[in-house]
$ cat entry34.txt   # compact mmCIF, C-alpha atoms
# COMPACT_ATOMS: atom_id res chain seq x y z
CA MET A 1 -4.40 19.56 -3.99
CA GLU A 2 -5.49 19.97 -0.41
CA LYS A 3 -9.16 19.16 -1.06
CA PHE A 4 -8.24 15.61 -2.10
CA LYS A 5 -6.11 14.82 0.94
CA ASN A 6 -7.48 11.83 2.88
CA LYS A 7 -10.35 11.29 0.43
CA VAL A 8 -10.90 7.59 -0.25
CA ALA A 9 -11.27 5.67 -3.51
CA LEU A 10 -12.31 2.06 -3.97
CA ILE A 11 -10.90 0.59 -7.20
CA THR A 12 -12.04 -2.85 -8.31
CA GLY A 13 -9.44 -4.90 -10.13
CA GLY A 14 -6.74 -2.47 -9.03
CA THR A 15 -3.65 -4.68 -8.92
CA LYS A 16 -2.44 -3.97 -12.47
CA GLY A 17 -3.30 -2.21 -15.70
CA ILE A 18 -5.82 0.61 -15.71
CA GLY A 19 -6.84 0.04 -12.10
CA LYS A 20 -3.30 0.35 -10.82
CA GLY A 21 -2.64 3.36 -13.05
CA VAL A 22 -5.65 5.12 -11.56
CA ALA A 23 -4.56 4.15 -8.05
CA GLU A 24 -1.12 5.67 -8.62
CA ALA A 25 -2.64 8.93 -9.84
CA LEU A 26 -5.05 9.21 -6.91
CA LEU A 27 -2.35 8.42 -4.37
CA GLU A 28 -0.23 11.20 -5.86
CA LEU A 29 -3.13 13.58 -5.14
CA GLY A 30 -2.94 12.56 -1.49
CA MET A 31 -5.99 10.30 -1.57
CA ASN A 32 -6.16 6.90 0.10
CA VAL A 33 -7.08 3.98 -2.14
CA ALA A 34 -8.39 0.46 -1.64
CA ILE A 35 -7.65 -1.92 -4.51
CA THR A 36 -9.39 -5.24 -4.91
CA SER A 37 -8.41 -8.57 -6.39
CA ARG A 38 -9.91 -12.04 -6.26
CA THR A 39 -6.79 -13.13 -4.35
CA LEU A 40 -5.62 -11.42 -1.17
CA THR A 41 -1.98 -12.09 -2.03
CA ALA A 42 -2.22 -10.13 -5.28
CA ALA A 43 -4.12 -7.28 -3.62
CA GLU A 44 -1.64 -6.94 -0.76
CA LYS A 45 1.39 -7.19 -3.04
CA ALA A 46 0.10 -4.42 -5.30
CA ALA A 47 -0.80 -2.26 -2.28
CA GLU A 48 2.71 -2.71 -0.91
CA GLU A 49 4.16 -1.51 -4.21
CA LEU A 50 1.80 1.47 -4.32
CA ASN A 51 2.67 2.48 -0.78
CA LYS A 52 6.30 3.02 -1.77
CA SER A 53 5.60 6.02 -3.95
CA GLY A 54 2.25 7.64 -3.25
CA LYS A 55 1.41 10.41 -0.82
CA GLY A 56 -1.70 8.59 0.36
CA LYS A 57 -2.14 5.06 1.70
CA ALA A 58 -3.08 1.96 -0.30
CA LEU A 59 -5.03 -0.99 1.10
CA GLY A 60 -5.32 -4.38 -0.57
CA VAL A 61 -8.71 -6.10 -0.28
CA LYS A 62 -9.85 -9.53 -1.43
CA ALA A 63 -13.11 -9.28 -3.37
CA ASP A 64 -14.91 -10.83 -6.33
CA VAL A 65 -17.19 -8.40 -8.18
CA ARG A 66 -19.36 -11.33 -9.29
CA SER A 67 -20.63 -11.66 -5.71
CA MET A 68 -22.78 -9.02 -4.02
CA GLU A 69 -21.79 -10.42 -0.64
CA SER A 70 -18.11 -10.12 -1.53
CA GLN A 71 -18.55 -6.50 -2.61
CA VAL A 72 -20.39 -5.63 0.61
CA GLN A 73 -17.53 -7.19 2.58
CA ALA A 74 -15.01 -5.16 0.56
CA VAL A 75 -16.87 -1.95 1.34
CA ASP A 76 -16.95 -2.88 5.03
CA ALA A 77 -13.16 -3.42 4.96
CA VAL A 78 -12.63 -0.01 3.38
CA LEU A 79 -14.87 1.70 5.92
CA LYS A 80 -13.10 -0.07 8.77
CA GLU A 81 -9.72 1.17 7.51
CA PHE A 82 -10.58 4.64 6.20
CA GLY A 83 -14.08 5.50 7.47
CA GLN A 84 -15.50 6.73 4.17
CA ILE A 85 -15.71 6.23 0.39
CA ASP A 86 -15.58 9.24 -1.89
CA VAL A 87 -14.80 7.65 -5.25
CA LEU A 88 -15.65 4.31 -6.84
CA VAL A 89 -13.69 3.19 -9.88
CA ALA A 90 -15.50 0.14 -11.25
CA ASN A 91 -12.64 -1.22 -13.31
CA ALA A 92 -12.59 -5.01 -12.92
CA GLY A 93 -13.21 -6.70 -16.24
CA LEU A 94 -12.31 -9.53 -18.57
CA GLY A 95 -12.89 -10.64 -22.14
CA HIS A 96 -13.71 -13.84 -23.97
CA PHE A 97 -13.49 -13.44 -27.73
CA ALA A 98 -14.89 -16.04 -30.09
CA SER A 99 -17.44 -16.52 -32.82
CA ILE A 100 -20.93 -17.22 -31.53
CA THR A 101 -20.39 -20.69 -33.02
CA ASP A 102 -17.57 -21.35 -30.56
CA LEU A 103 -18.42 -19.13 -27.59
CA THR A 104 -19.43 -21.27 -24.62
CA ALA A 105 -22.23 -20.58 -22.16
CA ASP A 106 -19.68 -20.38 -19.33
CA GLU A 107 -17.60 -17.78 -21.22
CA TRP A 108 -20.71 -15.71 -21.91
CA GLN A 109 -21.81 -15.86 -18.28
CA GLU A 110 -18.40 -14.99 -16.86
CA THR A 111 -18.12 -11.97 -19.15
CA ILE A 112 -21.56 -10.61 -18.28
CA ASP A 113 -21.21 -11.41 -14.57
CA THR A 114 -17.87 -9.60 -14.33
CA ASN A 115 -18.18 -6.68 -16.73
CA LEU A 116 -21.82 -5.75 -16.19
CA THR A 117 -23.42 -7.37 -13.15
CA GLY A 118 -20.15 -6.87 -11.24
CA VAL A 119 -20.41 -3.12 -11.74
CA PHE A 120 -24.02 -3.16 -10.52
CA TYR A 121 -22.90 -4.98 -7.36
CA SER A 122 -19.99 -2.57 -6.86
CA VAL A 123 -22.22 0.47 -7.16
CA LYS A 124 -24.97 -0.93 -4.94
CA ALA A 125 -22.52 -1.99 -2.23
CA CYS A 126 -21.12 1.49 -1.69
CA LEU A 127 -23.96 3.71 -2.88
CA ASN A 128 -25.01 4.89 0.58
CA GLU A 129 -21.45 5.96 1.34
CA LEU A 130 -21.15 7.78 -2.00
CA LYS A 131 -24.41 9.61 -1.39
CA SER A 132 -23.16 10.61 2.04
CA SER A 133 -19.86 11.91 0.68
CA LYS A 134 -21.41 13.40 -2.49
CA GLY A 135 -18.92 11.29 -4.33
CA TYR A 136 -17.99 10.22 -7.83
CA ILE A 137 -18.51 6.93 -9.69
CA PHE A 138 -16.29 6.03 -12.64
CA THR A 139 -16.98 2.97 -14.73
CA ILE A 140 -14.38 1.69 -17.17
CA SER A 141 -16.25 0.71 -20.28
CA SER A 142 -14.61 0.51 -23.72
CA LEU A 143 -14.97 1.68 -27.29
CA ALA A 144 -16.37 -1.85 -27.62
CA GLY A 145 -19.36 -0.39 -25.79
CA THR A 146 -20.27 1.58 -28.90
CA ASN A 147 -18.45 -0.24 -31.73
CA PHE A 148 -19.29 -3.88 -32.39
CA PHE A 149 -16.90 -6.35 -34.03
CA ALA A 150 -16.74 -9.99 -35.08
CA ASN A 151 -15.93 -12.47 -32.29
CA GLY A 152 -17.02 -9.86 -29.73
CA SER A 153 -20.60 -10.84 -28.95
CA ALA A 154 -20.02 -11.41 -25.21
CA TYR A 155 -17.63 -8.52 -24.73
CA ASN A 156 -19.71 -6.12 -26.86
CA ALA A 157 -22.86 -7.08 -24.98
CA SER A 158 -21.20 -6.49 -21.62
CA LYS A 159 -19.71 -3.13 -22.58
CA PHE A 160 -22.77 -1.86 -24.47
CA GLY A 161 -24.73 -2.78 -21.35
CA LEU A 162 -22.21 -1.10 -19.06
CA THR A 163 -22.31 2.12 -21.04
CA GLY A 164 -26.11 2.16 -20.90
CA PHE A 165 -26.17 1.27 -17.20
CA THR A 166 -23.73 4.04 -16.37
CA GLN A 167 -25.61 6.71 -18.28
CA ALA A 168 -28.89 5.69 -16.63
CA ILE A 169 -27.50 5.81 -13.09
CA MET A 170 -25.89 9.16 -13.93
CA LEU A 171 -29.42 10.49 -14.39
CA ASP A 172 -30.62 8.67 -11.26
CA LEU A 173 -27.94 10.11 -9.00
CA ARG A 174 -27.16 13.63 -10.09
CA GLN A 175 -29.86 15.12 -7.86
CA ASP A 176 -28.09 13.39 -4.96
CA ASP A 177 -24.88 15.24 -5.92
CA VAL A 178 -23.21 11.97 -6.93
CA LYS A 179 -21.37 12.35 -10.22
CA VAL A 180 -21.13 9.43 -12.65
CA SER A 181 -18.89 9.11 -15.70
CA THR A 182 -18.01 6.22 -17.96
CA ILE A 183 -14.59 6.17 -19.58
CA MET A 184 -14.42 4.30 -22.87
CA PRO A 185 -10.83 3.57 -23.90
CA GLY A 186 -9.61 2.08 -27.13
CA SER A 187 -6.38 0.06 -27.15
CA VAL A 188 -4.59 0.25 -23.79
CA ALA A 189 -1.17 -1.21 -22.97
CA THR A 190 -2.24 -3.61 -20.20
CA HIS A 191 -2.23 -7.32 -19.35
CA PHE A 192 -5.81 -7.61 -20.64
CA ASN A 193 -6.64 -10.85 -22.45
CA GLY A 194 -3.19 -12.31 -21.83
CA ASN A 195 -1.20 -9.42 -23.32
CA GLU A 196 2.24 -8.73 -21.87
CA PRO A 197 2.94 -4.98 -22.18
CA SER A 198 6.17 -4.21 -24.07
CA LYS A 199 7.78 -1.52 -26.19
CA GLU A 200 5.56 -2.74 -29.02
CA ASP A 201 2.64 -1.22 -27.10
CA ALA A 202 4.14 2.27 -26.98
CA TRP A 203 1.54 3.59 -29.46
CA LYS A 204 -1.32 2.55 -27.22
CA ILE A 205 -2.97 4.45 -24.41
CA GLN A 206 -0.99 3.86 -21.22
CA SER A 207 -2.55 3.07 -17.85
CA GLU A 208 -1.22 6.29 -16.38
CA ASP A 209 -3.08 8.22 -19.10
CA ILE A 210 -6.38 6.90 -17.74
CA GLY A 211 -5.23 7.82 -14.24
CA GLU A 212 -4.53 11.34 -15.43
CA LEU A 213 -7.98 11.51 -17.02
CA VAL A 214 -9.67 10.47 -13.77
CA VAL A 215 -7.76 13.17 -11.90
CA ASP A 216 -8.75 15.78 -14.50
CA LEU A 217 -12.42 14.81 -14.12
CA LEU A 218 -12.22 15.02 -10.34
CA LYS A 219 -10.70 18.50 -10.61
CA MET A 220 -13.34 19.80 -13.04
CA ASN A 221 -15.70 22.49 -11.82
CA PRO A 222 -18.59 20.59 -10.17
CA ARG A 223 -21.18 22.40 -12.27
CA THR A 224 -19.93 20.45 -15.32
CA LEU A 225 -20.15 16.69 -15.77
CA PRO A 226 -18.49 14.88 -18.71
CA SER A 227 -20.72 11.82 -18.49
CA LYS A 228 -19.28 9.71 -21.33
CA ILE A 229 -15.68 10.04 -22.45
CA GLU A 230 -14.20 8.21 -25.43
CA VAL A 231 -10.41 8.01 -25.59
CA ARG A 232 -8.30 6.34 -28.25
CA PRO A 233 -4.66 6.18 -29.35
CA SER A 234 -3.71 9.31 -31.23
CA LYS A 235 -1.78 7.49 -33.96
CA PRO A 236 -2.30 3.73 -34.25
CA PRO A 237 -0.11 1.79 -36.69
CA LYS A 238 -1.25 1.81 -40.30
CA LYS A 239 -2.90 -1.43 -41.39

$ encode --input "entry34.txt" --output "structure tokens"
Amino acid sequence: MEKFKNKVALITGGTKGIGKGVAEALLELGMNVAITSRTLTAAEKAAEELNKSGKGKALGVKADVRSMESQVQAVDAVLKEFGQIDVLVANAGLGHFASITDLTADEWQETIDTNLTGVFYSVKACLNELKSSKGYIFTISSLAGTNFFANGSAYNASKFGLTGFTQAIMLDLRQDDVKVSTIMPGSVATHFNGNEPSKEDAWKIQSEDIGELVVDLLKMNPRTLPSKIEVRPSKPPKK
């Protein structure tokens, strides 16, 4: 659609999985995307792959969401290349899963710093640009942000917090014409937590499905805002 041509999205953790699936969908719309990774090599390699198929342009940027300074530098790199930011997809995340008996302080801190504080940094770093463009913020939470489970204390805490954070800033920003939605997927066929996607994951949500959802939300009439969206596999295997 013509209205999306040359719009710019910043996607944290965009080199694989959900982030890359969203990048592919936005590029197909004609948008430009910047994808971040903690290593420049990974970011540039993924951007090179994306540039082979999309209608827009992909840029690889080195950034660590756990650092406010790093996120500010990432935003500066995007502005230098594209001049604007219209969409933020706060996707970067990780998981440590263990009983509270075994969960270490470092694992707890890394989970919270990445999944929750990292989103705060990402939003703060590009908020002025998003206000200027009357843009859209997407956070990638999880059904773990509403459903708790054993061995999930760190991950649950981070995603419950992320869901709450996102809904609060949605209320903060809607009078500035900045839309905010959190997407809460169930099982997704990605590399998350060491998984290697295979045909055994065919029943799961696919990364491109989340990309399609983001596009659908961007296309929705601006008078309507789906602020919290739960998505799950239609037919998981019977236990």

$ atom_distance --input "entry34.txt" --atom1 "atom CA of Val89 of chain A" --atom2 "atom CA of Met68 of chain A"
16.3 Å

$ closest_residue --input "entry34.txt" --among "A:Leu225, A:Leu213, A:Leu130, A:Ile35" --to "Met170 of chain A" --atoms "only C-alpha atoms"
A:Leu225

$ atom_distance --input "entry34.txt" --atom1 "atom CA of Gln206 of chain A" --atom2 "atom CA of Val188 of chain A"
5.7 Å

$ atom_distance --input "entry34.txt" --atom1 "atom CA of Glu24 of chain A" --atom2 "atom CA of Val214 of chain A"
11.1 Å

$ closest_residue --input "entry34.txt" --among "A:Glu69, A:Asp177, A:Glu200, A:Asp106" --to "Ala154 of chain A" --atoms "all atoms listed in the file"
A:Asp106

$ closest_residue --input "entry34.txt" --among "A:Lys235, A:Arg174, A:Lys124, A:Lys20" --to "Pro222 of chain A" --atoms "only C-alpha atoms"
A:Arg174

$ residues_near_point --input "entry34.txt" --point "(-0.6, -3.9, -1.9)" --cutoff "10 Å" --atoms "all atoms listed in the file" --output "JSON, numbers by chain"
{"A": [14, 15, 34, 35, 36, 40, 41, 42, 43, 44, 45, 46, 47, 48, 49, 50, 51, 52, 57, 58, 59, 60, 61]}

$ write_last_selection --input "entry34.txt" --atoms "C-alpha atoms" --output "PDB file, in the coordinates of the input"
ATOM      1  CA  GLY A  14      -6.740  -2.470  -9.030  1.00  0.00           C
ATOM      2  CA  THR A  15      -3.650  -4.680  -8.920  1.00  0.00           C
ATOM      3  CA  ALA A  34      -8.390   0.460  -1.640  1.00  0.00           C
ATOM      4  CA  ILE A  35      -7.650  -1.920  -4.510  1.00  0.00           C
ATOM      5  CA  THR A  36      -9.390  -5.240  -4.910  1.00  0.00           C
ATOM      6  CA  LEU A  40      -5.620 -11.420  -1.170  1.00  0.00           C
ATOM      7  CA  THR A  41      -1.980 -12.090  -2.030  1.00  0.00           C
ATOM      8  CA  ALA A  42      -2.220 -10.130  -5.280  1.00  0.00           C
ATOM      9  CA  ALA A  43      -4.120  -7.280  -3.620  1.00  0.00           C
ATOM     10  CA  GLU A  44      -1.640  -6.940  -0.760  1.00  0.00           C
ATOM     11  CA  LYS A  45       1.390  -7.190  -3.040  1.00  0.00           C
ATOM     12  CA  ALA A  46       0.100  -4.420  -5.300  1.00  0.00           C
ATOM     13  CA  ALA A  47      -0.800  -2.260  -2.280  1.00  0.00           C
ATOM     14  CA  GLU A  48       2.710  -2.710  -0.910  1.00  0.00           C
ATOM     15  CA  GLU A  49       4.160  -1.510  -4.210  1.00  0.00           C
ATOM     16  CA  LEU A  50       1.800   1.470  -4.320  1.00  0.00           C
ATOM     17  CA  ASN A  51       2.670   2.480  -0.780  1.00  0.00           C
ATOM     18  CA  LYS A  52       6.300   3.020  -1.770  1.00  0.00           C
ATOM     19  CA  LYS A  57      -2.140   5.060   1.700  1.00  0.00           C
ATOM     20  CA  ALA A  58      -3.080   1.960  -0.300  1.00  0.00           C
ATOM     21  CA  LEU A  59      -5.030  -0.990   1.100  1.00  0.00           C
ATOM     22  CA  GLY A  60      -5.320  -4.380  -0.570  1.00  0.00           C
ATOM     23  CA  VAL A  61      -8.710  -6.100  -0.280  1.00  0.00           C
TER      24      VAL A  61
END

$ residues_around --input "entry34.txt" --residues "Trp108 of chain A" --least-positions-apart "2" --cutoff "9 Å" --atoms "all atoms listed in the file" --output "count of residues only"
12

$ residues_around --input "entry34.txt" --residues "Leu10 of chain A" --least-positions-apart "5" --cutoff "12 Å" --atoms "all atoms listed in the file" --output "PyMOL selection string"
chain A and resi 19-20+22-23+26-27+31-37+58-61+63+71+74-79+81-82+84-92+122-123+125-127+129-130+135-139

$ closest_residue --input "entry34.txt" --among "A:Ser207, A:Asn156, A:Ser142, A:Thr224" --to "Met184 of chain A" --atoms "all atoms listed in the file"
A:Ser142

$ closest_residue --input "entry34.txt" --among "A:Val119, A:Ile140, A:Ala98, A:Ile210" --to "Gly21 of chain A" --atoms "all atoms listed in the file"
A:Ile210

$ closest_residue --input "entry34.txt" --among "A:Asn151, A:Ser53, A:Thr166, A:Ser234" --to "Ser187 of chain A" --atoms "only C-alpha atoms"
A:Ser234

$ residues_around --input "entry34.txt" --residues "Ser227 of chain A" --least-positions-apart "6" --cutoff "10 Å" --atoms "only C-alpha atoms" --output "VMD selection string"
chain A and resid 138 166 to 167 170 to 171 179 to 183 217

$ build_atoms --input "entry34.txt" --residues "segment 155-179 of chain A" --atoms "N, CA, C and O atoms" --output "compact mmCIF listing (two decimals), in the coordinates of the input"
# COMPACT_ATOMS: atom_id res chain seq x y z
N TYR A 155 -18.28 -9.74 -25.21
CA TYR A 155 -17.63 -8.52 -24.73
C TYR A 155 -18.44 -7.28 -25.14
O TYR A 155 -18.67 -6.38 -24.34
N ASN A 156 -18.87 -7.24 -26.42
CA ASN A 156 -19.71 -6.12 -26.86
C ASN A 156 -20.96 -6.00 -26.00
O ASN A 156 -21.34 -4.90 -25.58
N ALA A 157 -21.63 -7.12 -25.77
CA ALA A 157 -22.86 -7.08 -24.98
C ALA A 157 -22.60 -6.53 -23.59
O ALA A 157 -23.37 -5.71 -23.07
N SER A 158 -21.50 -6.96 -22.97
CA SER A 158 -21.20 -6.49 -21.62
C SER A 158 -20.88 -5.01 -21.59
O SER A 158 -21.32 -4.28 -20.69
N LYS A 159 -20.12 -4.53 -22.57
CA LYS A 159 -19.71 -3.13 -22.58
C LYS A 159 -20.80 -2.20 -23.10
O LYS A 159 -20.93 -1.07 -22.61
N PHE A 160 -21.60 -2.64 -24.10
CA PHE A 160 -22.77 -1.86 -24.47
C PHE A 160 -23.68 -1.72 -23.26
O PHE A 160 -24.21 -0.63 -22.98
N GLY A 161 -23.89 -2.82 -22.54
CA GLY A 161 -24.73 -2.78 -21.35
C GLY A 161 -24.16 -1.88 -20.28
O GLY A 161 -24.90 -1.12 -19.62
N LEU A 162 -22.85 -1.93 -20.08
CA LEU A 162 -22.21 -1.10 -19.06
C LEU A 162 -22.34 0.38 -19.39
O LEU A 162 -22.61 1.20 -18.50
N THR A 163 -22.15 0.72 -20.65
CA THR A 163 -22.31 2.12 -21.04
C THR A 163 -23.73 2.60 -20.78
O THR A 163 -23.95 3.68 -20.21
N GLY A 164 -24.72 1.80 -21.15
CA GLY A 164 -26.11 2.16 -20.90
C GLY A 164 -26.43 2.24 -19.42
O GLY A 164 -27.11 3.17 -18.96
N PHE A 165 -25.96 1.28 -18.65
CA PHE A 165 -26.17 1.27 -17.20
C PHE A 165 -25.61 2.54 -16.57
O PHE A 165 -26.26 3.19 -15.75
N THR A 166 -24.39 2.88 -16.97
CA THR A 166 -23.73 4.04 -16.37
C THR A 166 -24.46 5.33 -16.68
O THR A 166 -24.63 6.19 -15.81
N GLN A 167 -24.91 5.49 -17.92
CA GLN A 167 -25.61 6.71 -18.28
C GLN A 167 -26.96 6.81 -17.56
O GLN A 167 -27.39 7.91 -17.18
N ALA A 168 -27.61 5.68 -17.35
CA ALA A 168 -28.89 5.69 -16.63
C ALA A 168 -28.69 6.05 -15.16
O ALA A 168 -29.46 6.86 -14.62
N ILE A 169 -27.68 5.48 -14.51
CA ILE A 169 -27.50 5.81 -13.09
C ILE A 169 -26.97 7.24 -12.93
O ILE A 169 -27.18 7.86 -11.88
N MET A 170 -26.29 7.75 -13.96
CA MET A 170 -25.89 9.16 -13.93
C MET A 170 -27.12 10.04 -13.76
O MET A 170 -27.14 10.99 -12.96
N LEU A 171 -28.17 9.72 -14.50
CA LEU A 171 -29.42 10.49 -14.39
C LEU A 171 -30.11 10.24 -13.06
O LEU A 171 -30.71 11.14 -12.48
N ASP A 172 -30.02 9.00 -12.55
CA ASP A 172 -30.62 8.67 -11.26
C ASP A 172 -30.00 9.45 -10.11
O ASP A 172 -30.69 9.83 -9.15
N LEU A 173 -28.68 9.68 -10.19
CA LEU A 173 -27.94 10.11 -9.00
C LEU A 173 -27.53 11.58 -8.99
O LEU A 173 -27.07 12.07 -7.96
N ARG A 174 -27.70 12.27 -10.09
CA ARG A 174 -27.16 13.63 -10.09
C ARG A 174 -27.89 14.57 -9.14
O ARG A 174 -27.30 15.54 -8.64
N GLN A 175 -29.17 14.29 -8.84
CA GLN A 175 -29.86 15.12 -7.86
C GLN A 175 -29.41 14.81 -6.43
O GLN A 175 -29.72 15.57 -5.50
N ASP A 176 -28.69 13.71 -6.26
CA ASP A 176 -28.09 13.39 -4.96
C ASP A 176 -26.66 13.92 -4.86
O ASP A 176 -25.94 13.62 -3.90
N ASP A 177 -26.24 14.69 -5.87
CA ASP A 177 -24.88 15.24 -5.92
C ASP A 177 -23.82 14.15 -6.04
O ASP A 177 -22.68 14.34 -5.59
N VAL A 178 -24.19 13.02 -6.60
CA VAL A 178 -23.21 11.97 -6.93
C VAL A 178 -22.97 12.04 -8.43
O VAL A 178 -23.91 11.93 -9.22
N LYS A 179 -21.73 12.25 -8.81
CA LYS A 179 -21.37 12.35 -10.22
C LYS A 179 -21.04 10.96 -10.76
O LYS A 179 -20.48 10.13 -10.05
